Every structure is written in C-alpha cells, then in structure tokens.
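What's in query-v9.txt: compact mmCIF, C-alpha atoms and all ligand atoms
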```txt
# COMPACT_ATOMS: atom_id res chain seq x y z
CA MET A 1 -9.59 -33.31 27.06
CA HIS A 2 -6.79 -33.58 24.46
CA LYS A 3 -9.34 -33.73 21.65
CA ARG A 4 -9.80 -30.02 22.08
CA PHE A 5 -6.15 -29.25 21.33
CA LYS A 6 -6.02 -29.16 17.55
CA ASN A 7 -2.94 -30.12 15.63
CA PRO A 8 -1.18 -26.72 15.37
CA PHE A 9 1.33 -27.54 12.60
CA ARG A 10 0.74 -26.04 9.18
CA PRO A 11 2.52 -27.67 6.27
CA GLY A 12 1.24 -25.77 3.27
CA ALA A 13 2.27 -23.09 0.82
CA GLY A 14 1.98 -19.69 2.45
CA HIS A 15 0.38 -21.01 5.67
CA MET A 16 1.61 -19.05 8.66
CA PRO A 17 3.35 -21.47 11.04
CA PRO A 18 2.15 -21.67 14.65
CA TYR A 19 5.58 -20.31 15.63
CA LEU A 20 7.83 -18.56 13.14
CA ALA A 21 11.30 -19.62 14.19
CA GLY A 22 14.52 -17.71 13.49
CA ARG A 23 14.59 -15.09 10.71
CA GLU A 24 15.65 -12.33 13.14
CA HIS A 25 18.61 -11.40 10.98
CA GLU A 26 16.49 -11.21 7.81
CA THR A 27 13.91 -9.11 9.63
CA LYS A 28 16.61 -6.73 10.79
CA GLU A 29 17.88 -6.38 7.23
CA PHE A 30 14.38 -5.54 6.08
CA GLY A 31 14.16 -2.95 8.86
CA GLN A 32 17.29 -1.30 7.48
CA LEU A 33 15.72 -1.06 4.03
CA LEU A 34 12.69 0.63 5.61
CA GLY A 35 14.93 3.23 7.24
CA GLN A 36 16.32 4.57 3.95
CA ASP A 37 15.64 8.23 3.20
CA VAL A 38 16.62 7.87 -0.41
CA ILE A 39 15.86 4.40 -1.71
CA LEU A 40 19.10 2.88 -2.93
CA SER A 41 18.35 -0.73 -2.01
CA ASN A 42 15.30 -2.85 -2.73
CA LEU A 43 14.58 -6.34 -1.44
CA VAL A 44 14.91 -9.70 -3.14
CA LEU A 45 13.76 -12.43 -0.76
CA THR A 46 14.75 -15.74 -2.24
CA GLY A 47 15.34 -19.39 -1.41
CA LEU A 48 14.36 -22.91 -2.35
CA ARG A 49 10.80 -24.20 -2.30
CA GLY A 50 9.20 -24.22 1.14
CA LEU A 51 11.90 -22.16 2.89
CA GLY A 52 9.40 -19.61 4.17
CA LYS A 53 9.57 -16.72 1.70
CA THR A 54 5.82 -16.15 1.58
CA VAL A 55 5.25 -16.24 5.32
CA LEU A 56 8.25 -14.01 6.02
CA LEU A 57 7.06 -11.44 3.48
CA GLU A 58 3.70 -11.57 5.23
CA THR A 59 5.32 -10.76 8.58
CA PHE A 60 7.18 -7.83 7.00
CA LYS A 61 3.91 -6.18 6.08
CA PRO A 62 2.81 -5.07 9.60
CA LEU A 63 6.39 -3.98 10.36
CA ALA A 64 6.34 -1.69 7.34
CA ILE A 65 2.89 -0.33 8.10
CA GLN A 66 3.90 0.42 11.71
CA THR A 67 6.74 2.59 10.47
CA GLY A 68 4.51 4.66 8.22
CA TRP A 69 4.79 2.81 4.92
CA LEU A 70 1.88 1.89 2.70
CA TRP A 71 1.95 -1.69 1.43
CA ALA A 72 0.69 -2.69 -2.00
CA GLY A 73 1.13 -5.95 -3.84
CA THR A 74 0.10 -9.51 -4.45
CA ASP A 75 1.31 -12.75 -6.09
CA LEU A 76 2.71 -12.23 -9.56
CA SER A 77 1.07 -14.59 -12.01
CA GLU A 78 2.58 -15.36 -15.38
CA SER A 79 -0.15 -13.33 -17.06
CA THR A 80 1.10 -10.15 -15.36
CA SER A 81 4.31 -10.63 -17.20
CA ILE A 82 2.84 -11.15 -20.66
CA SER A 83 2.82 -7.51 -21.69
CA GLU A 84 3.81 -4.05 -20.58
CA ASN A 85 0.15 -3.11 -20.45
CA ASN A 86 -0.59 -6.01 -18.07
CA MET A 87 2.27 -4.95 -15.85
CA ALA A 88 1.03 -1.34 -15.79
CA THR A 89 -2.48 -2.52 -14.95
CA ARG A 90 -1.11 -4.70 -12.16
CA LEU A 91 0.81 -1.79 -10.61
CA LEU A 92 -2.10 0.64 -10.91
CA THR A 93 -4.55 -1.91 -9.49
CA ASP A 94 -2.38 -2.58 -6.46
CA LEU A 95 -1.57 1.08 -5.96
CA ALA A 96 -5.24 2.09 -6.14
CA ILE A 97 -6.04 -0.12 -3.17
CA VAL A 98 -3.89 2.01 -0.89
CA THR A 99 -4.58 5.38 -2.52
CA SER A 100 -8.30 5.18 -3.30
CA THR A 101 -9.32 7.03 -0.14
CA ILE A 102 -6.84 9.87 -0.56
CA VAL A 103 -8.56 13.04 -1.77
CA VAL A 104 -6.68 15.04 -4.38
CA ALA A 105 -9.23 17.72 -5.26
CA VAL A 106 -12.84 18.62 -5.34
CA ASP A 107 -14.64 18.10 -8.65
CA PRO A 108 -14.53 21.57 -10.31
CA SER A 109 -17.32 20.68 -12.73
CA ARG A 110 -19.83 20.57 -9.91
CA GLN A 111 -21.18 24.09 -9.26
CA ILE A 112 -22.06 24.72 -5.70
CA GLY A 113 -25.30 26.55 -5.36
CA PHE A 114 -27.74 26.95 -2.59
CA GLY A 115 -29.30 23.60 -1.76
CA ASP A 116 -26.90 21.63 -3.97
CA PRO A 117 -25.35 18.51 -2.53
CA PRO A 118 -21.74 18.99 -1.44
CA PRO A 119 -19.23 18.61 -4.30
CA GLU A 120 -17.76 15.16 -4.90
CA PRO A 121 -14.17 14.79 -3.78
CA ILE A 122 -11.79 13.34 -6.35
CA THR A 123 -9.81 10.48 -4.90
CA MET A 124 -6.87 8.53 -6.30
CA ASN A 125 -8.97 5.50 -7.12
CA PHE A 126 -8.25 3.17 -10.01
CA ALA A 127 -10.29 5.15 -12.55
CA PHE A 128 -8.42 8.32 -11.64
CA LEU A 129 -4.99 6.69 -11.82
CA ARG A 130 -5.89 5.06 -15.12
CA SER A 131 -7.08 8.36 -16.59
CA VAL A 132 -3.82 10.07 -15.67
CA TYR A 133 -2.00 7.11 -17.19
CA GLU A 134 -3.97 7.21 -20.44
CA SER A 135 -3.72 10.96 -20.86
CA THR A 136 0.07 11.01 -20.51
CA PRO A 137 1.88 10.88 -23.83
CA GLY A 138 4.75 8.51 -24.47
CA LEU A 139 5.64 4.94 -23.66
CA ALA A 140 4.23 2.80 -20.85
CA SER A 141 7.23 3.76 -18.71
CA ASP A 142 6.55 7.52 -19.19
CA LYS A 143 2.91 7.03 -18.29
CA LEU A 144 3.64 4.96 -15.21
CA LYS A 145 6.30 7.37 -13.98
CA ARG A 146 3.90 10.28 -14.32
CA VAL A 147 1.19 8.50 -12.29
CA LEU A 148 3.61 7.35 -9.62
CA GLU A 149 5.23 10.79 -9.30
CA MET A 150 1.85 12.41 -8.95
CA VAL A 151 0.82 9.86 -6.28
CA TRP A 152 4.13 10.36 -4.48
CA SER A 153 3.59 14.10 -4.17
CA HIS A 154 0.33 13.46 -2.30
CA ILE A 155 1.72 10.65 -0.17
CA ASP A 156 4.70 12.78 0.78
CA ALA A 157 2.47 15.72 1.66
CA LEU A 158 0.49 13.44 4.00
CA GLY A 159 3.71 12.60 5.82
CA ARG A 160 3.73 8.92 4.85
CA LYS A 161 7.12 7.29 4.67
CA GLY A 162 6.57 5.75 1.24
CA ILE A 163 4.94 2.89 -0.64
CA ILE A 164 6.18 -0.67 -0.81
CA PHE A 165 5.27 -2.80 -3.80
CA ALA A 166 5.64 -6.36 -2.52
CA TYR A 167 5.38 -9.16 -5.05
CA ASP A 168 5.56 -12.86 -4.30
CA GLU A 169 6.26 -15.54 -6.93
CA ALA A 170 8.27 -12.87 -8.74
CA GLN A 171 10.28 -15.53 -10.60
CA ASN A 172 7.34 -15.40 -13.01
CA LEU A 173 8.53 -12.02 -14.28
CA ALA A 174 10.01 -12.08 -17.77
CA ASP A 175 10.66 -10.01 -20.88
CA HIS A 176 9.55 -11.31 -24.27
CA ALA A 177 11.89 -10.00 -26.94
CA ALA A 178 10.17 -12.00 -29.68
CA LYS A 179 6.92 -10.18 -28.99
CA ASP A 180 8.65 -6.88 -28.31
CA GLN A 181 7.23 -6.80 -24.80
CA TYR A 182 9.46 -5.95 -21.84
CA PRO A 183 7.32 -5.92 -18.69
CA LEU A 184 10.18 -6.92 -16.37
CA SER A 185 12.48 -4.20 -17.70
CA LEU A 186 9.60 -1.77 -17.45
CA LEU A 187 9.20 -2.52 -13.74
CA LEU A 188 12.91 -2.11 -13.08
CA ASP A 189 13.29 1.07 -15.17
CA VAL A 190 10.31 2.78 -13.58
CA PHE A 191 11.36 2.06 -10.00
CA GLN A 192 14.96 2.99 -10.62
CA SER A 193 13.96 6.28 -12.21
CA LEU A 194 11.50 7.17 -9.43
CA GLN A 195 14.03 6.33 -6.73
CA ARG A 196 16.63 8.54 -8.41
CA LYS A 197 14.15 11.40 -8.22
CA GLY A 198 13.75 10.85 -4.49
CA CYS A 199 10.30 9.23 -4.55
CA ARG A 200 10.18 6.62 -1.80
CA TYR A 201 8.85 3.60 -3.65
CA LEU A 202 10.42 0.35 -2.46
CA LEU A 203 10.28 -2.93 -4.38
CA ALA A 204 10.15 -6.15 -2.36
CA LEU A 205 10.27 -9.20 -4.61
CA ALA A 206 10.05 -12.76 -3.29
CA GLY A 207 10.67 -15.83 -5.39
CA LEU A 208 12.68 -18.91 -6.23
CA PRO A 209 16.45 -18.63 -6.76
CA THR A 210 15.95 -18.04 -10.48
CA LEU A 211 14.56 -14.61 -9.61
CA PHE A 212 17.71 -12.56 -9.02
CA PRO A 213 19.63 -13.86 -12.07
CA LYS A 214 16.56 -12.98 -14.14
CA LEU A 215 16.54 -9.42 -12.83
CA VAL A 216 20.23 -8.97 -13.57
CA GLU A 217 19.83 -10.43 -17.02
CA ALA A 218 17.07 -7.94 -17.81
CA ARG A 219 18.90 -4.93 -16.37
CA THR A 220 22.48 -5.13 -15.13
CA PHE A 221 21.83 -2.27 -12.70
CA SER A 222 19.62 -4.73 -10.73
CA GLU A 223 22.82 -6.00 -9.20
CA ARG A 224 23.18 -2.70 -7.33
CA MET A 225 19.48 -2.00 -6.99
CA PHE A 226 18.60 -5.03 -4.84
CA HIS A 227 19.73 -6.37 -1.52
CA VAL A 228 19.39 -10.15 -1.76
CA VAL A 229 18.21 -12.06 1.29
CA PHE A 230 18.71 -15.77 0.63
CA LEU A 231 16.74 -17.86 3.11
CA MET A 232 18.60 -20.82 4.54
CA PRO A 233 17.20 -23.75 6.53
CA LEU A 234 16.62 -23.13 10.23
CA ASN A 235 19.55 -24.04 12.46
CA HIS A 236 19.33 -26.68 15.18
CA ALA A 237 18.16 -24.33 17.93
CA GLU A 238 15.60 -22.63 15.67
CA THR A 239 14.28 -25.98 14.48
CA THR A 240 13.87 -27.10 18.10
CA GLU A 241 11.84 -23.95 18.76
CA ALA A 242 9.72 -24.51 15.65
CA ILE A 243 8.96 -28.02 16.89
CA ARG A 244 8.40 -27.40 20.59
CA ARG A 245 6.92 -23.92 20.97
CA PRO A 246 3.59 -24.69 19.31
CA ILE A 247 2.77 -27.46 21.78
CA GLN A 248 4.16 -25.92 24.93
CA LYS A 249 0.68 -25.19 26.16
CA ASP A 250 -1.04 -26.50 29.27
CA SER A 251 -3.91 -27.91 27.28
CA CYS A 252 -1.64 -29.89 24.95
CA PRO A 253 -1.67 -33.61 25.74
CA VAL A 254 1.70 -34.46 24.16
CA ASP A 255 5.25 -33.17 24.30
CA PHE A 256 8.19 -33.82 22.02
CA SER A 257 11.02 -35.38 24.02
CA ILE A 258 14.62 -34.45 23.31
CA ASN A 259 14.98 -37.71 21.43
CA SER A 260 11.99 -37.05 19.24
CA THR A 261 13.12 -33.51 18.58
CA GLU A 262 16.53 -34.81 17.48
CA THR A 263 14.89 -37.36 15.21
CA ILE A 264 12.73 -34.66 13.60
CA TRP A 265 15.82 -32.48 13.15
CA SER A 266 17.63 -35.33 11.41
CA ILE A 267 14.74 -35.94 9.01
CA THR A 268 14.02 -32.31 8.22
CA ARG A 269 17.48 -30.73 8.56
CA GLY A 270 15.74 -27.48 9.40
CA TYR A 271 13.78 -27.05 6.17
CA PRO A 272 10.65 -25.24 7.35
CA TYR A 273 8.07 -27.01 5.19
CA PHE A 274 9.43 -30.40 6.27
CA VAL A 275 9.44 -29.34 9.92
CA GLN A 276 5.74 -28.50 9.74
CA TYR A 277 5.00 -31.64 7.77
CA VAL A 278 6.79 -34.08 10.05
CA CYS A 279 5.52 -32.45 13.26
CA ARG A 280 1.98 -32.60 11.98
CA GLU A 281 2.30 -36.31 11.26
CA VAL A 282 3.96 -37.11 14.57
CA PHE A 283 1.39 -35.15 16.52
CA ASP A 284 -1.46 -37.08 14.86
CA VAL A 285 0.19 -40.44 15.49
CA TRP A 286 0.63 -39.61 19.17
CA VAL A 287 -2.84 -38.26 19.74
CA GLN A 288 -4.31 -41.34 18.07
CA ALA A 289 -2.20 -43.59 20.28
CA MET A 290 -3.51 -41.75 23.33
CA ASP A 291 -7.07 -42.01 22.10
CA THR A 292 -6.77 -45.77 21.97
CA ASP A 293 -4.81 -45.97 25.24
CA GLN A 294 -1.70 -47.25 23.47
CA PRO A 295 1.74 -46.30 24.77
CA ILE A 296 3.18 -43.28 22.95
CA PRO A 297 5.31 -44.70 20.13
CA SER A 298 8.63 -43.28 19.01
CA VAL A 299 8.68 -41.13 15.85
CA PRO A 300 7.74 -43.50 12.99
CA VAL A 301 10.59 -42.32 10.78
CA ALA A 302 10.34 -44.77 7.88
CA GLU A 303 6.58 -44.29 7.52
CA ILE A 304 6.76 -40.52 7.64
CA ILE A 305 9.55 -40.39 5.07
CA ARG A 306 7.58 -42.70 2.82
CA LYS A 307 4.56 -40.42 3.08
CA LEU A 308 6.65 -37.32 2.51
CA ASP A 309 8.18 -38.94 -0.56
CA SER A 310 4.79 -39.60 -2.04
CA ASP A 311 3.24 -36.24 -1.02
CA PHE A 312 6.12 -33.92 -1.80
CA PHE A 313 8.66 -35.49 -4.11
CA ALA A 314 6.85 -38.13 -6.19
CA GLY A 315 4.86 -35.66 -8.30
CA ARG A 316 8.01 -33.81 -9.28
CA TRP A 317 9.91 -37.03 -9.92
CA ALA A 318 7.10 -38.43 -12.08
CA LYS A 319 7.50 -35.55 -14.50
CA ALA A 320 11.14 -36.42 -15.24
CA THR A 321 11.96 -38.69 -18.17
CA ASP A 322 14.06 -41.84 -17.68
CA ARG A 323 17.08 -40.09 -19.11
CA GLN A 324 16.59 -37.08 -16.82
CA ARG A 325 16.27 -39.43 -13.86
CA ALA A 326 19.55 -41.05 -14.81
CA LEU A 327 21.18 -37.64 -14.82
CA LEU A 328 19.57 -36.66 -11.51
CA GLY A 329 20.81 -39.97 -10.11
CA ILE A 330 24.37 -39.04 -11.03
CA ILE A 331 23.97 -35.61 -9.44
CA ALA A 332 22.54 -37.16 -6.26
CA GLY A 333 25.71 -39.26 -6.05
CA LEU A 334 27.97 -36.19 -5.97
CA THR A 335 29.22 -35.35 -2.49
CA ASN A 336 28.34 -31.69 -3.11
CA CYS A 337 24.84 -32.39 -4.49
CA ASP A 338 23.25 -30.34 -1.68
CA GLN A 339 25.33 -27.30 -2.56
CA GLU A 340 26.51 -26.32 -6.04
CA PHE A 341 27.68 -28.56 -8.83
CA THR A 342 29.01 -28.02 -12.33
CA VAL A 343 28.42 -29.63 -15.72
CA GLN A 344 32.01 -30.81 -15.67
CA GLU A 345 31.58 -32.62 -12.36
CA ILE A 346 28.48 -34.37 -13.67
CA VAL A 347 30.18 -35.46 -16.91
CA GLN A 348 33.18 -36.72 -14.98
CA ASP A 349 31.07 -38.72 -12.57
CA ALA A 350 28.89 -40.09 -15.37
CA ARG A 351 32.00 -41.71 -16.82
CA ASN A 352 32.48 -43.67 -13.61
CA VAL A 353 28.90 -44.97 -13.56
CA LYS A 354 28.07 -47.71 -16.00
CA LEU A 355 25.26 -46.29 -18.07
CA PRO A 356 23.95 -47.65 -21.36
CA LYS A 357 24.45 -44.23 -22.94
CA SER A 358 27.07 -41.72 -21.84
CA PHE A 359 26.49 -38.01 -21.27
CA SER A 360 28.42 -35.40 -23.22
CA SER A 361 28.73 -31.94 -21.71
CA SER A 362 26.48 -30.33 -24.32
CA HIS A 363 23.95 -33.02 -23.55
CA VAL A 364 24.18 -32.33 -19.82
CA ASN A 365 23.84 -28.60 -20.47
CA GLN A 366 20.68 -29.13 -22.47
CA MET A 367 19.18 -31.49 -19.95
CA LEU A 368 19.93 -29.15 -17.06
CA ALA A 369 18.13 -26.40 -18.98
CA SER A 370 15.02 -28.55 -19.29
CA LEU A 371 15.29 -29.63 -15.64
CA SER A 372 15.41 -25.93 -14.74
CA GLU A 373 12.23 -25.35 -16.69
CA ALA A 374 10.67 -28.21 -14.71
CA GLY A 375 11.75 -26.51 -11.45
CA LEU A 376 14.07 -29.31 -10.31
CA VAL A 377 17.40 -27.49 -10.62
CA TYR A 378 18.45 -23.88 -11.10
CA LYS A 379 21.49 -22.14 -12.42
CA ASN A 380 23.03 -19.36 -10.38
CA ARG A 381 24.75 -16.28 -11.73
CA HIS A 382 28.12 -17.94 -11.68
CA GLY A 383 26.98 -20.70 -14.01
CA LYS A 384 26.82 -23.36 -11.29
CA TYR A 385 23.76 -25.48 -10.64
CA SER A 386 21.88 -26.53 -7.51
CA PHE A 387 18.81 -28.61 -6.77
CA ALA A 388 15.78 -26.32 -6.63
CA VAL A 389 13.95 -28.64 -4.24
CA PRO A 390 15.30 -29.15 -0.71
CA LEU A 391 16.68 -32.59 0.15
CA LEU A 392 16.04 -33.84 -3.39
CA GLY A 393 19.37 -35.68 -3.36
CA ASP A 394 18.29 -37.81 -0.39
CA PHE A 395 15.00 -38.64 -2.10
CA ILE A 396 16.78 -39.76 -5.27
CA GLN A 397 19.13 -41.93 -3.23
CA ARG A 398 16.13 -43.54 -1.56
CA GLN A 399 14.58 -44.24 -4.95
CA ARG A 400 17.82 -45.77 -6.01
CA GLU A 401 18.00 -48.01 -2.95
CA SER A 402 14.39 -49.12 -3.20
CA SER A 403 14.79 -50.03 -6.87
CA GLY A 404 18.00 -51.79 -5.88
CA SER A 405 19.88 -50.53 -8.89
CA SER A 406 21.34 -47.53 -10.60
CA LEU A 407 18.88 -45.10 -12.09
CA SER A 408 19.85 -45.67 -15.66
N1 LIG B 501 10.49 -19.63 10.19
C1 LIG B 501 9.65 -20.65 10.14
N2 LIG B 501 9.42 -21.42 11.23
C2 LIG B 501 8.56 -22.46 11.17
N3 LIG B 501 7.86 -22.80 10.07
C3 LIG B 501 8.03 -22.07 8.96
C4 LIG B 501 8.93 -20.96 8.94
N4 LIG B 501 8.91 -20.43 7.70
C5 LIG B 501 8.04 -21.16 6.98
N5 LIG B 501 7.49 -22.14 7.71
C6 LIG B 501 6.52 -23.14 7.22
O1 LIG B 501 7.09 -23.68 6.03
C7 LIG B 501 6.12 -23.88 5.03
C8 LIG B 501 6.52 -23.15 3.75
O2 LIG B 501 6.44 -21.74 3.94
P1 LIG B 501 6.21 -20.76 2.69
O3 LIG B 501 5.01 -21.20 1.91
O4 LIG B 501 6.26 -19.38 3.19
O5 LIG B 501 7.53 -21.09 1.83
P2 LIG B 501 7.95 -20.49 0.41
O6 LIG B 501 9.41 -20.28 0.48
O7 LIG B 501 7.09 -19.32 0.09
O8 LIG B 501 7.63 -21.72 -0.56
P3 LIG B 501 7.42 -21.68 -2.15
O9 LIG B 501 8.78 -21.62 -2.75
O10 LIG B 501 6.75 -22.98 -2.47
O11 LIG B 501 6.58 -20.49 -2.49
C9 LIG B 501 4.79 -23.43 5.61
O12 LIG B 501 4.12 -24.58 6.07
C10 LIG B 501 5.19 -22.53 6.78
O13 LIG B 501 4.24 -22.59 7.82
MG MG B 502 5.80 -18.97 -1.46
```

Would you put the structure from the file into structure tokens?
Ligand SMILES: Nc1ncnc2c1ncn2[C@@H]1O[C@H](COP(=O)(O)OP(=O)(O)OP(=O)(O)O)[C@@H](O)[C@H]1O
Ligand SMILES: [Mg+2]
Amino acid sequence: MHKRFKNPFRPGAGHMPPYLAGREHETKEFGQLLGQDVILSNLVLTGLRGLGKTVLLETFKPLAIQTGWLWAGTDLSESTSISENNMATRLLTDLAIVTSTIVVAVDPSRQIGFGDPPPEPITMNFAFLRSVYESTPGLASDKLKRVLEMVWSHIDALGRKGIIFAYDEAQNLADHAAKDQYPLSLLLDVFQSLQRKGCRYLLALAGLPTLFPKLVEARTFSERMFHVVFLMPLNHAETTEAIRRPIQKDSCPVDFSINSTETIWSITRGYPYFVQYVCREVFDVWVQAMDTDQPIPSVPVAEIIRKLDSDFFAGRWAKATDRQRALLGIIAGLTNCDQEFTVQEIVQDARNVKLPKSFSSSHVNQMLASLSEAGLVYKNRHGKYSFAVPLLGDFIQRQRESSGSSLS
C-alpha cells in the first residue's frame, strides 16, 4: 500500500516544493507592486543559495497574470550580459512571446481583389519587433525604447495592466567598461525612461545577494527604482508546515512525530533547500524500514548530515585553496559568522589563532574578493561580508572537528 505514496519532497534547484511554506509577506509586497498605476518600484528578489527565489518567482507569475499583467522572461545567462546587442535580443525575444498574437495592422501591400485570399494581419512577432528596432536611428537604448513604447500603446489599448519582465539568476548581469559594452546599464536606463513616460513595464529580478549592489553600482538611481525583498529562512512554524503538510495524506504510511520535526528543524534551521533534502532522506529511511518490517528508526542525524556535507558543501569546499580554507576557518570561528563580518574582525581573530602565516588586512581583502568570485562569500553595500552559502560556518566547523585540528 505505502509503495504507492511517492516521496513528495523536492530538493533541487527551482523544483516546486510539495508545500510552499510561509512567504505570505513577500507575496503581499509583490501584490503591492502589481497595483501601481505609475511604476515607481520594481522588484529585486534576493537571498542566499537555496532560499526559494526561483520557486517564489514562479508562484508570482499566475498572480500577475490573474490581475491582467503579461509575463515575459527567463533565466539570465552570462551570455545575455556580454553585449548591448545580446541584451536587446533577449528583451525582444521574451517580449515577442507575449505579443506575437497581437495584431497591429493589416498588410497594406496586399491588394484585396475579388477572389483574393484575405489580407495577412501584421502581428507583433519577433521579426516585426526586430524590424522596428533596426529601423530606429540611434543607440541601442533609443531603439529599444521605441519598440517598447510602440508595444505599450497596443497593450494599453487592449486594456492590459502592463508587462512584467521577470529574470532569474540576474546576478549574471554586468557592464563591461573595457569592451565599451553596458548591457546592465542599458536595461536600467530603458526601464527607468519608459516608466517615467507612464508605460507600465515592471522589472522583477531574482538573484543572489550580489545582485542589488551590482545594480546600484551600475546606476545609483537603482536604489530608488527597486524594492528589495530579501528572503530569510522559514521560521519554526513555517518549517513545521513544510515538513508535515506534504505527508498529511491518508495514503501516506509515515508521519513525522513532534520529536522528528524538532530534529529536522535543528538540522535545517528553516533553510528551504535543506528542509526538502532532509525530509526526503528521512522519508526514504522510514519507508525502507517499513518495507523490511523493521521498527521505525529515529531521524539518523549524523548520517544525513554526512550525506548533505558531501552532496551540498564538499564540491564548493574542494574548490578553495588551503590558504582560503584557513581564512574560512577563521571566519567560521567568529560568533557572528552567520550574519555579517568585517575584514577587521577577521584580521583580529587571525592573530589569536596560531597559523604558520599571518593575514594582513590587504591580504584578507584580496582573498575575500576571490572567495566572492567563487560564490562562497559576498560583500554587501555597506562593505561588510557574509557567507553566500547557508550554514557554511557549521560545515567548516565540522570539517575542523573531523580533521581534529585547525584549518591552517
Ligand atoms: N517556501 C518554501 N517551502 C518549502 N520548500 C521550499 C520553499 N521555497 C523553496 N523551497 C525548496 O527549496 C529548494 C530551493 O528552492 P529554489 O531553487 O527556488 O531556491 P533559489 O533561492 O532559487 O536557489 P539558487 O540560489 O540556487 O538559485 C527547492 O528544493 C524548493 O522546493
Ligand atoms: Mg534559483
């Protein structure tokens, strides 16, 4: 009987969870952005790895469509951000998907005579948008604005609320001064200009915490242009829901007791990816125990953490050099390692740890920059650093304990 109840938990990038816990406040904030008559605020949805940015953005889509918005967008790859032309192509491609069925005119070149087939309607498909783009003089921003203004006039006439451009992985956006290419600034300039003219285009960008500082660095007006929603871990009650709701079904052979739920909370501390991961493991262990008529065991904490370490953390850790690991070890020893820390705090603490080579602050600065590139830490707008991977400090401490020494 229980073989028919499949493991419902979904640890995986962008996989919709069986029950999306919490996020009511964030959803309400998005609803407020949708209600704007003149677009003054756009969305930045940000947070550490695995916090649920992608799945939340996905749940925003039907909400927007229900209230009359059109939804365009995709994941932003690094190649989109190579050149202004790539960025323009990306925007036109995504726009064309929602506008390609909208008729703008009837082809005037087709004479209608007796017996002729009916004239072809001209729709705002990609070829049409591209031709308007190409035939507009000026820079890429002039061309894009012209296309988007033209599209807006039709969308508005049809009584649609507006168009949302939703881009995930938007931390990949960048300008390239050395190559004289500014695709990120282009995106920001075009949307700001259109919004000032009253066109209801809304930008919704999701990405790692490096995203918002990048936007502000490219254009200081981004600070006012975006409302930042920073996803936090689920709280205790929400985590309990995320654990229990998916299996509260008659056909489900197992149930998580209060004890087990507490244990899962203490391992995952409400980080959504970890919640899915641990629940999936526990569910499998229990179903297998039932299959072999064994008593249901308690949550095998040590084994699950070991597996999580090798599946989630080890790959990232393996990329760090010995020296970087030594530095990360010092950070993991700071009491505030799960929040923000400064170069000064690291240097100070490094003095207290006996290391073969000491760390100067310029050294630490440089190493933090390369650790940022590797996606292990990030620098916020106030110059403070944080781990970019949830619960990384605990993992480093475990490495330290298992090697029985300092991480020098
Ligand atoms: N509110 C939630 N309740 C329960 N599970 C969730 C919730 N949000 C996300 N998850 C689960 O967490 C995992 C990570 O979600 P998602 O891929 O959306 O995160 P992300 O922030 O986009 O990660 P990344 O930074 O790697 O792109 C998925 O397995 C998803 O099912
Ligand atoms: Mg994602």

Find the spatial neighbours of Trp71 of chain A, counting only C-alpha atoms, within a cut-off of 12 Å - ignore same-chain residues fewer than 6 positions away - and output them as a ChimeraX atom specification. /A:34,57-58,60-65,94-99,160-167,201-204

Which residues come within 12 Å of segment 118-132 of chain A, counting only C-alpha atoms, excluding same-chain residues fewer than 6 positions away, as number ranges by chain? A: 85, 88-112, 140, 142-152, 154-155

May I have a table of the residues of chain A lying at most 10 Å from ligand MG 502 (chain B), giving each one's closest pair of atoms and their distance in Å to one decimal, counting all atoms listed in the file, ordered by chain and ascending residue number, as CSV?
```
residue,atom,partner,partner_atom,distance
A:Gly12,CA,B:MG502,MG,9.5
A:Ala13,CA,B:MG502,MG,5.9
A:Gly14,CA,B:MG502,MG,5.5
A:His15,CA,B:MG502,MG,9.2
A:Thr46,CA,B:MG502,MG,9.5
A:Gly47,CA,B:MG502,MG,9.5
A:Leu48,CA,B:MG502,MG,9.5
A:Arg49,CA,B:MG502,MG,7.3
A:Gly50,CA,B:MG502,MG,6.8
A:Leu51,CA,B:MG502,MG,8.1
A:Gly52,CA,B:MG502,MG,6.7
A:Lys53,CA,B:MG502,MG,5.4
A:Thr54,CA,B:MG502,MG,4.1
A:Val55,CA,B:MG502,MG,7.3
A:Leu56,CA,B:MG502,MG,9.3
A:Leu57,CA,B:MG502,MG,9.1
A:Asp75,CA,B:MG502,MG,9.0
A:Asp168,CA,B:MG502,MG,6.7
A:Glu169,CA,B:MG502,MG,6.5
A:Ala170,CA,B:MG502,MG,9.8
A:Ala206,CA,B:MG502,MG,7.7
A:Gly207,CA,B:MG502,MG,7.0
A:Leu208,CA,B:MG502,MG,8.4
```

Just the residues within 12 Å of Val287 of chain A, please, counting all atoms listed in the file, with nothing from its chain fewer than 4 positions along; format it as an MDAnalysis selection string. chainID A and resid 1:7 252:255 280:283 291:297

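In this structure, atom CA of Ala388 of chain A sits 22.7 Å away from atom CA of Leu20 of chain A.
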
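As for atom CA of Ser83 of chain A and atom CA of Ser141 of chain A, they are spaced 12.5 Å apart.
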